[in-house]
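S.K.: Handing over input-v4.cif, mmCIF, N, CA, C and O atoms.
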```
data_coords
loop_
_atom_site.label_atom_id
_atom_site.label_comp_id
_atom_site.auth_asym_id
_atom_site.auth_seq_id
_atom_site.Cartn_x
_atom_site.Cartn_y
_atom_site.Cartn_z
N MET A 1 -97.02 102.80 -109.46
CA MET A 1 -97.30 102.47 -110.84
C MET A 1 -98.13 101.18 -110.85
O MET A 1 -97.81 100.22 -110.18
N GLU A 2 -99.19 101.16 -111.60
CA GLU A 2 -100.00 99.97 -111.78
C GLU A 2 -99.47 99.17 -112.96
O GLU A 2 -98.85 99.72 -113.86
N ASN A 3 -99.76 97.89 -112.99
CA ASN A 3 -99.40 97.06 -114.14
C ASN A 3 -100.23 97.49 -115.34
O ASN A 3 -101.40 97.87 -115.18
N PHE A 4 -99.66 97.45 -116.53
CA PHE A 4 -100.39 97.84 -117.73
C PHE A 4 -99.73 97.24 -118.96
O PHE A 4 -98.64 96.68 -118.89
N PHE A 5 -100.42 97.34 -120.08
CA PHE A 5 -99.88 96.91 -121.36
C PHE A 5 -99.40 98.12 -122.14
O PHE A 5 -99.97 99.21 -122.04
N TYR A 6 -98.33 97.93 -122.92
CA TYR A 6 -97.76 99.01 -123.73
C TYR A 6 -97.52 98.48 -125.13
O TYR A 6 -96.91 97.41 -125.31
N ARG A 7 -97.99 99.21 -126.14
CA ARG A 7 -97.77 98.85 -127.54
C ARG A 7 -96.47 99.53 -128.00
O ARG A 7 -96.33 100.74 -127.91
N VAL A 8 -95.51 98.74 -128.46
CA VAL A 8 -94.20 99.25 -128.88
C VAL A 8 -94.37 100.16 -130.09
O VAL A 8 -95.07 99.82 -131.05
N GLU A 9 -93.73 101.32 -130.02
CA GLU A 9 -93.78 102.30 -131.10
C GLU A 9 -92.49 102.26 -131.91
O GLU A 9 -91.48 101.71 -131.46
N ASN A 10 -92.53 102.85 -133.08
CA ASN A 10 -91.35 102.91 -133.95
C ASN A 10 -90.18 103.54 -133.19
O ASN A 10 -90.32 104.60 -132.59
N GLY A 11 -89.05 102.88 -133.21
CA GLY A 11 -87.85 103.40 -132.56
C GLY A 11 -87.68 102.96 -131.12
O GLY A 11 -86.63 103.19 -130.52
N ASP A 12 -88.68 102.33 -130.52
CA ASP A 12 -88.56 101.85 -129.15
C ASP A 12 -87.58 100.70 -129.05
O ASP A 12 -87.46 99.89 -129.98
N THR A 13 -86.88 100.64 -127.93
CA THR A 13 -86.05 99.49 -127.58
C THR A 13 -86.43 99.10 -126.16
O THR A 13 -87.09 99.86 -125.45
N VAL A 14 -85.98 97.95 -125.74
CA VAL A 14 -86.24 97.54 -124.35
C VAL A 14 -85.68 98.60 -123.40
O VAL A 14 -86.33 98.98 -122.42
N PHE A 15 -84.49 99.12 -123.71
CA PHE A 15 -83.88 100.10 -122.82
C PHE A 15 -84.61 101.45 -122.83
O PHE A 15 -84.73 102.08 -121.79
N SER A 16 -85.11 101.88 -123.96
CA SER A 16 -85.84 103.15 -123.99
C SER A 16 -87.18 103.01 -123.25
O SER A 16 -87.61 103.93 -122.55
N ILE A 17 -87.82 101.86 -123.39
CA ILE A 17 -89.07 101.60 -122.67
C ILE A 17 -88.78 101.52 -121.17
O ILE A 17 -89.53 102.07 -120.35
N SER A 18 -87.69 100.88 -120.83
CA SER A 18 -87.26 100.79 -119.43
C SER A 18 -87.08 102.17 -118.82
O SER A 18 -87.57 102.45 -117.73
N ASP A 19 -86.40 103.07 -119.54
CA ASP A 19 -86.20 104.44 -119.06
C ASP A 19 -87.52 105.19 -118.95
O ASP A 19 -87.76 105.90 -117.98
N ARG A 20 -88.37 105.04 -119.95
CA ARG A 20 -89.65 105.76 -119.97
C ARG A 20 -90.52 105.43 -118.77
O ARG A 20 -91.14 106.31 -118.18
N PHE A 21 -90.55 104.15 -118.39
CA PHE A 21 -91.46 103.73 -117.34
C PHE A 21 -90.76 103.39 -116.03
O PHE A 21 -91.38 102.90 -115.09
N SER A 22 -89.45 103.65 -115.97
CA SER A 22 -88.65 103.39 -114.76
C SER A 22 -88.82 101.95 -114.27
O SER A 22 -89.10 101.70 -113.10
N VAL A 23 -88.66 101.04 -115.20
CA VAL A 23 -88.73 99.61 -114.90
C VAL A 23 -87.42 99.00 -115.41
O VAL A 23 -87.01 99.29 -116.53
N PRO A 24 -86.78 98.16 -114.62
CA PRO A 24 -85.53 97.55 -115.09
C PRO A 24 -85.75 96.78 -116.39
O PRO A 24 -86.77 96.10 -116.55
N PRO A 25 -84.81 96.89 -117.32
CA PRO A 25 -84.97 96.16 -118.59
C PRO A 25 -85.10 94.66 -118.38
O PRO A 25 -85.83 93.99 -119.11
N THR A 26 -84.42 94.14 -117.37
CA THR A 26 -84.53 92.70 -117.11
C THR A 26 -85.95 92.31 -116.73
O THR A 26 -86.40 91.21 -117.05
N THR A 27 -86.67 93.20 -116.05
CA THR A 27 -88.07 92.92 -115.69
C THR A 27 -88.92 92.85 -116.94
O THR A 27 -89.77 91.96 -117.08
N ILE A 28 -88.73 93.77 -117.87
CA ILE A 28 -89.48 93.76 -119.13
C ILE A 28 -89.18 92.48 -119.91
O ILE A 28 -90.08 91.82 -120.43
N ILE A 29 -87.91 92.12 -119.98
CA ILE A 29 -87.49 90.93 -120.72
C ILE A 29 -88.08 89.67 -120.11
O ILE A 29 -88.66 88.84 -120.80
N LYS A 30 -87.96 89.53 -118.78
CA LYS A 30 -88.47 88.32 -118.11
C LYS A 30 -89.99 88.25 -118.16
O LYS A 30 -90.54 87.19 -118.45
N THR A 31 -90.66 89.35 -117.88
CA THR A 31 -92.12 89.36 -117.83
C THR A 31 -92.72 89.01 -119.18
O THR A 31 -93.76 88.36 -119.25
N ASN A 32 -92.07 89.44 -120.26
CA ASN A 32 -92.60 89.22 -121.60
C ASN A 32 -91.91 88.08 -122.34
O ASN A 32 -92.17 87.88 -123.53
N ASN A 33 -91.03 87.35 -121.64
CA ASN A 33 -90.33 86.21 -122.22
C ASN A 33 -89.69 86.57 -123.56
O ASN A 33 -89.82 85.85 -124.55
N LEU A 34 -89.00 87.72 -123.58
CA LEU A 34 -88.37 88.20 -124.82
C LEU A 34 -87.09 87.43 -125.10
O LEU A 34 -86.27 87.20 -124.22
N ARG A 35 -86.90 87.06 -126.34
CA ARG A 35 -85.69 86.38 -126.78
C ARG A 35 -84.88 87.26 -127.72
O ARG A 35 -83.76 86.95 -128.08
N SER A 36 -85.50 88.35 -128.18
CA SER A 36 -84.81 89.30 -129.07
C SER A 36 -85.35 90.69 -128.77
O SER A 36 -86.21 90.87 -127.92
N GLU A 37 -84.86 91.66 -129.50
CA GLU A 37 -85.31 93.04 -129.33
C GLU A 37 -86.77 93.15 -129.74
O GLU A 37 -87.27 92.34 -130.50
N VAL A 38 -87.44 94.16 -129.23
CA VAL A 38 -88.85 94.38 -129.54
C VAL A 38 -89.01 94.99 -130.93
O VAL A 38 -88.09 95.59 -131.47
N SER A 39 -90.20 94.83 -131.48
CA SER A 39 -90.54 95.39 -132.79
C SER A 39 -91.77 96.26 -132.67
O SER A 39 -92.62 96.05 -131.79
N GLU A 40 -91.89 97.21 -133.57
CA GLU A 40 -93.06 98.09 -133.59
C GLU A 40 -94.32 97.22 -133.63
O GLU A 40 -94.42 96.26 -134.39
N GLY A 41 -95.27 97.57 -132.76
CA GLY A 41 -96.54 96.85 -132.71
C GLY A 41 -96.60 95.76 -131.66
O GLY A 41 -97.69 95.30 -131.32
N ASP A 42 -95.44 95.32 -131.14
CA ASP A 42 -95.45 94.32 -130.07
C ASP A 42 -96.22 94.86 -128.87
O ASP A 42 -96.16 96.05 -128.57
N LEU A 43 -96.91 93.97 -128.18
CA LEU A 43 -97.64 94.35 -126.97
C LEU A 43 -96.87 93.80 -125.77
O LEU A 43 -96.68 92.59 -125.66
N LEU A 44 -96.42 94.70 -124.91
CA LEU A 44 -95.64 94.31 -123.74
C LEU A 44 -96.44 94.53 -122.47
O LEU A 44 -97.20 95.49 -122.36
N TYR A 45 -96.25 93.64 -121.52
CA TYR A 45 -96.84 93.80 -120.20
C TYR A 45 -95.80 94.48 -119.32
O TYR A 45 -94.68 93.97 -119.17
N ILE A 46 -96.13 95.63 -118.78
CA ILE A 46 -95.22 96.38 -117.91
C ILE A 46 -95.67 96.14 -116.48
O ILE A 46 -96.79 96.50 -116.11
N GLN A 47 -94.80 95.53 -115.71
CA GLN A 47 -95.14 95.11 -114.36
C GLN A 47 -94.62 96.10 -113.33
O GLN A 47 -93.48 96.55 -113.41
N LYS A 48 -95.46 96.42 -112.33
CA LYS A 48 -95.03 97.33 -111.27
C LYS A 48 -93.89 96.71 -110.49
O LYS A 48 -93.72 95.50 -110.46
N ILE A 49 -93.12 97.55 -109.86
CA ILE A 49 -91.91 97.14 -109.17
C ILE A 49 -92.13 97.17 -107.66
O ILE A 49 -92.69 98.13 -107.14
N ASN A 50 -91.68 96.12 -106.99
CA ASN A 50 -91.65 96.11 -105.53
C ASN A 50 -90.22 96.45 -105.13
O ASN A 50 -89.29 95.80 -105.56
N GLY A 51 -90.05 97.46 -104.31
CA GLY A 51 -88.72 97.92 -103.93
C GLY A 51 -88.44 99.26 -104.59
O GLY A 51 -89.32 99.89 -105.15
N CYS A 52 -87.20 99.68 -104.53
CA CYS A 52 -86.86 100.95 -105.16
C CYS A 52 -85.96 100.70 -106.37
O CYS A 52 -85.29 99.68 -106.46
N LEU A 53 -86.00 101.63 -107.28
CA LEU A 53 -85.16 101.55 -108.48
C LEU A 53 -83.84 102.24 -108.22
O LEU A 53 -83.77 103.26 -107.54
N TYR A 54 -82.79 101.69 -108.79
CA TYR A 54 -81.46 102.26 -108.62
C TYR A 54 -80.69 102.10 -109.93
O TYR A 54 -80.70 101.03 -110.53
N ARG A 55 -80.06 103.18 -110.37
CA ARG A 55 -79.23 103.13 -111.57
C ARG A 55 -77.77 102.93 -111.15
O ARG A 55 -77.23 103.72 -110.38
N VAL A 56 -77.16 101.88 -111.66
CA VAL A 56 -75.78 101.54 -111.29
C VAL A 56 -74.83 102.63 -111.77
O VAL A 56 -74.88 103.07 -112.92
N LYS A 57 -73.97 103.05 -110.86
CA LYS A 57 -72.99 104.10 -111.15
C LYS A 57 -71.68 103.47 -111.66
O LYS A 57 -71.45 102.28 -111.49
N PRO A 58 -70.80 104.31 -112.27
CA PRO A 58 -69.53 103.76 -112.76
C PRO A 58 -68.75 103.06 -111.65
O PRO A 58 -68.71 103.54 -110.52
N PHE A 59 -68.19 101.94 -111.98
CA PHE A 59 -67.31 101.16 -111.11
C PHE A 59 -68.02 100.46 -109.95
O PHE A 59 -67.37 99.87 -109.11
N GLU A 60 -69.35 100.53 -109.89
CA GLU A 60 -70.06 99.81 -108.84
C GLU A 60 -70.18 98.34 -109.22
O GLU A 60 -70.29 97.99 -110.39
N THR A 61 -70.18 97.51 -108.20
CA THR A 61 -70.37 96.07 -108.37
C THR A 61 -71.60 95.65 -107.59
O THR A 61 -72.13 96.42 -106.77
N ALA A 62 -72.02 94.42 -107.80
CA ALA A 62 -73.16 93.90 -107.03
C ALA A 62 -72.82 93.94 -105.54
O ALA A 62 -73.67 94.25 -104.71
N PHE A 63 -71.58 93.65 -105.21
CA PHE A 63 -71.16 93.67 -103.81
C PHE A 63 -71.26 95.07 -103.22
O PHE A 63 -71.80 95.25 -102.13
N SER A 64 -70.76 96.08 -103.92
CA SER A 64 -70.79 97.45 -103.38
C SER A 64 -72.21 97.98 -103.27
O SER A 64 -72.55 98.68 -102.31
N VAL A 65 -73.07 97.64 -104.23
CA VAL A 65 -74.47 98.07 -104.17
C VAL A 65 -75.18 97.35 -103.01
O VAL A 65 -75.95 97.96 -102.27
N ALA A 66 -74.90 96.07 -102.85
CA ALA A 66 -75.50 95.32 -101.74
C ALA A 66 -75.11 95.92 -100.40
O ALA A 66 -75.97 96.06 -99.51
N GLN A 67 -73.86 96.31 -100.24
CA GLN A 67 -73.42 96.94 -98.99
C GLN A 67 -74.16 98.26 -98.76
O GLN A 67 -74.57 98.56 -97.64
N LYS A 68 -74.34 99.04 -99.82
CA LYS A 68 -75.01 100.33 -99.73
C LYS A 68 -76.45 100.17 -99.24
O LYS A 68 -76.97 101.01 -98.50
N PHE A 69 -77.12 99.08 -99.67
CA PHE A 69 -78.53 98.90 -99.35
C PHE A 69 -78.78 97.84 -98.28
O PHE A 69 -79.93 97.49 -98.00
N GLY A 70 -77.72 97.31 -97.69
CA GLY A 70 -77.87 96.36 -96.59
C GLY A 70 -78.48 95.03 -97.01
O GLY A 70 -79.32 94.47 -96.30
N THR A 71 -78.07 94.53 -98.15
CA THR A 71 -78.55 93.24 -98.65
C THR A 71 -77.36 92.43 -99.12
O THR A 71 -76.22 92.78 -98.81
N THR A 72 -77.59 91.36 -99.86
CA THR A 72 -76.48 90.53 -100.33
C THR A 72 -76.30 90.67 -101.84
O THR A 72 -77.24 90.99 -102.57
N GLU A 73 -75.10 90.38 -102.26
CA GLU A 73 -74.76 90.39 -103.68
C GLU A 73 -75.65 89.40 -104.44
O GLU A 73 -76.18 89.72 -105.50
N GLN A 74 -75.83 88.22 -103.88
CA GLN A 74 -76.63 87.18 -104.53
C GLN A 74 -78.07 87.64 -104.71
O GLN A 74 -78.69 87.39 -105.75
N LYS A 75 -78.64 88.30 -103.71
CA LYS A 75 -80.02 88.77 -103.80
C LYS A 75 -80.16 89.84 -104.88
O LYS A 75 -81.11 89.81 -105.66
N ILE A 76 -79.22 90.76 -104.95
CA ILE A 76 -79.25 91.80 -105.99
C ILE A 76 -79.25 91.16 -107.38
O ILE A 76 -80.07 91.49 -108.23
N LEU A 77 -78.34 90.22 -107.60
CA LEU A 77 -78.22 89.59 -108.91
C LEU A 77 -79.45 88.74 -109.23
O LEU A 77 -80.00 88.81 -110.33
N GLN A 78 -79.90 87.95 -108.28
CA GLN A 78 -81.04 87.07 -108.51
C GLN A 78 -82.32 87.86 -108.74
O GLN A 78 -83.08 87.57 -109.67
N ASP A 79 -82.57 88.87 -107.92
CA ASP A 79 -83.80 89.66 -108.06
C ASP A 79 -83.88 90.39 -109.39
O ASP A 79 -84.96 90.71 -109.87
N ASN A 80 -82.72 90.68 -109.98
CA ASN A 80 -82.70 91.42 -111.24
C ASN A 80 -82.39 90.55 -112.45
O ASN A 80 -82.32 91.05 -113.57
N GLY A 81 -82.22 89.26 -112.23
CA GLY A 81 -82.02 88.32 -113.32
C GLY A 81 -80.77 88.56 -114.14
O GLY A 81 -80.77 88.38 -115.36
N VAL A 82 -79.70 88.99 -113.48
CA VAL A 82 -78.44 89.25 -114.17
C VAL A 82 -77.29 88.52 -113.48
O VAL A 82 -77.41 88.11 -112.32
N GLU A 83 -76.17 88.38 -114.18
CA GLU A 83 -74.99 87.74 -113.61
C GLU A 83 -74.00 88.76 -113.05
O GLU A 83 -73.14 88.43 -112.25
N TYR A 84 -74.10 90.01 -113.51
CA TYR A 84 -73.23 91.08 -113.04
C TYR A 84 -73.93 92.41 -113.31
O TYR A 84 -74.88 92.49 -114.08
N LEU A 85 -73.45 93.47 -112.66
CA LEU A 85 -73.98 94.81 -112.87
C LEU A 85 -73.05 95.60 -113.76
O LEU A 85 -71.84 95.37 -113.77
N PHE A 86 -73.61 96.54 -114.49
CA PHE A 86 -72.79 97.43 -115.32
C PHE A 86 -73.37 98.83 -115.25
O PHE A 86 -74.53 99.02 -114.92
N TYR A 87 -72.53 99.79 -115.56
CA TYR A 87 -72.89 101.21 -115.50
C TYR A 87 -74.16 101.48 -116.30
O TYR A 87 -74.31 101.06 -117.43
N GLY A 88 -75.10 102.18 -115.64
CA GLY A 88 -76.33 102.59 -116.30
C GLY A 88 -77.48 101.61 -116.15
O GLY A 88 -78.62 101.97 -116.44
N LEU A 89 -77.20 100.38 -115.73
CA LEU A 89 -78.27 99.39 -115.57
C LEU A 89 -79.22 99.84 -114.47
O LEU A 89 -78.80 100.28 -113.40
N ILE A 90 -80.51 99.75 -114.71
CA ILE A 90 -81.51 100.07 -113.70
C ILE A 90 -81.91 98.77 -113.03
O ILE A 90 -82.35 97.83 -113.70
N ILE A 91 -81.76 98.73 -111.71
CA ILE A 91 -82.09 97.53 -110.96
C ILE A 91 -83.09 97.86 -109.85
O ILE A 91 -83.32 99.02 -109.55
N THR A 92 -83.67 96.82 -109.28
CA THR A 92 -84.51 97.00 -108.09
C THR A 92 -83.72 96.53 -106.89
O THR A 92 -82.98 95.55 -106.95
N VAL A 93 -83.87 97.24 -105.79
CA VAL A 93 -83.23 96.84 -104.53
C VAL A 93 -84.25 96.95 -103.41
O VAL A 93 -85.21 97.67 -103.51
#
```
What does the file become when written as structure tokens?
M.R.:
Amino acid sequence: MENFFYRVENGDTVFSISDRFSVPPTTIIKTNNLRSEVSEGDLLYIQKINGCLYRVKPFETAFSVAQKFGTTEQKILQDNGVEYLFYGLIITV
């Protein structure tokens, strides 16, 4: 995926845009310095991802995901800009 700009459409949310383009919501939030939900007409920069995308499964923790991918809990959390993982979150590993 190349980097590109996306104009927010009626009904879009950060999470729906995240699902549409397979980009973690935290990446969209950080890249665009969002402080609130998006609004129709907003122009967002969608940044390509280095690594693979992974959707957190029920009952998984940063520790269990880190073990699965041979990395550390701290790296998972830091790379995704979150303090903890929750079911359904799309992260990069």
S.K.: Please return, as an MDAnalysis selection string, all polymer residues that have at least one atom within 8 Å of the point (-100.2, 93.8, -127.0); use all atoms listed in the file and the file's own coordinate frame.
M.R.: chainID A and resid 5:8 41:45
S.K.: Identify, on the basis of only N, CA, C and O atoms, every residue whose closest approach to Val14 in chain A does not exceed 7 Å; exclude the query and any residue fewer than 5 positions from it along the same chain; express the result as a list in words.
M.R.: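 So the residues in contact are Asp19, Arg20, Val23, Pro24, Pro25, Ile28, Glu37 and Val38 of chain A.
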S.K.: If I take atom N of Gly88 in chain A and atom O of Phe69 in chain A, how far is one from the other in Å, to one decimal?
M.R.: 18.9 Å
S.K.: Which residues would end up in the selection if the PyMOL selection byres ((chain A and resi 92) around 8) were applied here, given that I need the answer as a ChimeraX atom specification?
M.R.: /A:23-24,49-55,75-80,89-91,93
S.K.: If DSSP is run on the backbone, what residues of chain A are strand (DSSP E or B)? A reply as a compact mmCIF listing (two decimals) with N, CA, C and O atoms, keeping the file's coordinate frame would be ideal.
M.R.:
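Writing the result to part-v2.txt gives the following:
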```txt
# COMPACT_ATOMS: atom_id res chain seq x y z
N PHE A 4 -99.66 97.45 -116.53
CA PHE A 4 -100.39 97.84 -117.73
C PHE A 4 -99.73 97.24 -118.96
O PHE A 4 -98.64 96.68 -118.89
N PHE A 5 -100.42 97.34 -120.08
CA PHE A 5 -99.88 96.91 -121.36
C PHE A 5 -99.40 98.12 -122.14
O PHE A 5 -99.97 99.21 -122.04
N TYR A 6 -98.33 97.93 -122.92
CA TYR A 6 -97.76 99.01 -123.73
C TYR A 6 -97.52 98.48 -125.13
O TYR A 6 -96.91 97.41 -125.31
N ARG A 7 -97.99 99.21 -126.14
CA ARG A 7 -97.77 98.85 -127.54
C ARG A 7 -96.47 99.53 -128.00
O ARG A 7 -96.33 100.74 -127.91
N LEU A 43 -96.91 93.97 -128.18
CA LEU A 43 -97.64 94.35 -126.97
C LEU A 43 -96.87 93.80 -125.77
O LEU A 43 -96.68 92.59 -125.66
N LEU A 44 -96.42 94.70 -124.91
CA LEU A 44 -95.64 94.31 -123.74
C LEU A 44 -96.44 94.53 -122.47
O LEU A 44 -97.20 95.49 -122.36
N TYR A 45 -96.25 93.64 -121.52
CA TYR A 45 -96.84 93.80 -120.20
C TYR A 45 -95.80 94.48 -119.32
O TYR A 45 -94.68 93.97 -119.17
N ILE A 46 -96.13 95.63 -118.78
CA ILE A 46 -95.22 96.38 -117.91
C ILE A 46 -95.67 96.14 -116.48
O ILE A 46 -96.79 96.50 -116.11
N LEU A 53 -86.00 101.63 -107.28
CA LEU A 53 -85.16 101.55 -108.48
C LEU A 53 -83.84 102.24 -108.22
O LEU A 53 -83.77 103.26 -107.54
N TYR A 54 -82.79 101.69 -108.79
CA TYR A 54 -81.46 102.26 -108.62
C TYR A 54 -80.69 102.10 -109.93
O TYR A 54 -80.70 101.03 -110.53
N ARG A 55 -80.06 103.18 -110.37
CA ARG A 55 -79.23 103.13 -111.57
C ARG A 55 -77.77 102.93 -111.15
O ARG A 55 -77.23 103.72 -110.38
N ILE A 90 -80.51 99.75 -114.71
CA ILE A 90 -81.51 100.07 -113.70
C ILE A 90 -81.91 98.77 -113.03
O ILE A 90 -82.35 97.83 -113.70
N ILE A 91 -81.76 98.73 -111.71
CA ILE A 91 -82.09 97.53 -110.96
C ILE A 91 -83.09 97.86 -109.85
O ILE A 91 -83.32 99.02 -109.55
N THR A 92 -83.67 96.82 -109.28
CA THR A 92 -84.51 97.00 -108.09
C THR A 92 -83.72 96.53 -106.89
O THR A 92 -82.98 95.55 -106.95
```
S.K.: Fewer than 2 positions away in the same chain doesn't count, so skip those; otherwise give me all residues within 8 Å of Tyr87 in chain A, counting only N, CA, C and O atoms, as a PyMOL selection string.
M.R.: chain A and resi 55-60+84-85+89-90
S.K.: Compare A:Glu2, A:Ser36, A:Thr61, A:Gln47 by their minimum atom-to-atom distance to Glu73 in chain A, counting all atoms listed in the file, and give me the closest one.
M.R.: A:Thr61
S.K.: Within chain A, find each residue whose DSSP state, derived from the backbone, is alpha helix (DSSP H), and express the selection as JSON, numbers by chain.
M.R.: {"A": [14, 15, 16, 17, 18, 19, 20, 21, 25, 26, 27, 28, 29, 30, 31, 62, 63, 64, 65, 66, 67, 68, 69, 73, 74, 75, 76, 77, 78, 79, 80]}
S.K.: Give the answer as one residue: which of A:Ser16, A:Ala62, A:Gln74, A:Lys68 has the shortest atom-to-atom distance to Phe86 in chain A, using all atoms listed in the file?
M.R.: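 Distance minimum relative to Phe86 in chain A lands on A:Ala62.
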S.K.: With only C-alpha atoms as the atoms that count, which of A:Val82, A:Ile46, A:Ala66, A:Ile17 lies nearest to Phe4 in chain A?
M.R.: A:Ile46
S.K.: Can you work out the spacing between CA of Glu40 in chain A and CA of Asn3 in chain A in Å, to one decimal?
M.R.: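 Pair CA of Glu40 in chain A / CA of Asn3 in chain A returns 20.5 Å.
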S.K.: CA of Phe15 in chain A to CA of Ser64 in chain A: how many Å, to one decimal?
M.R.: 23.6 Å
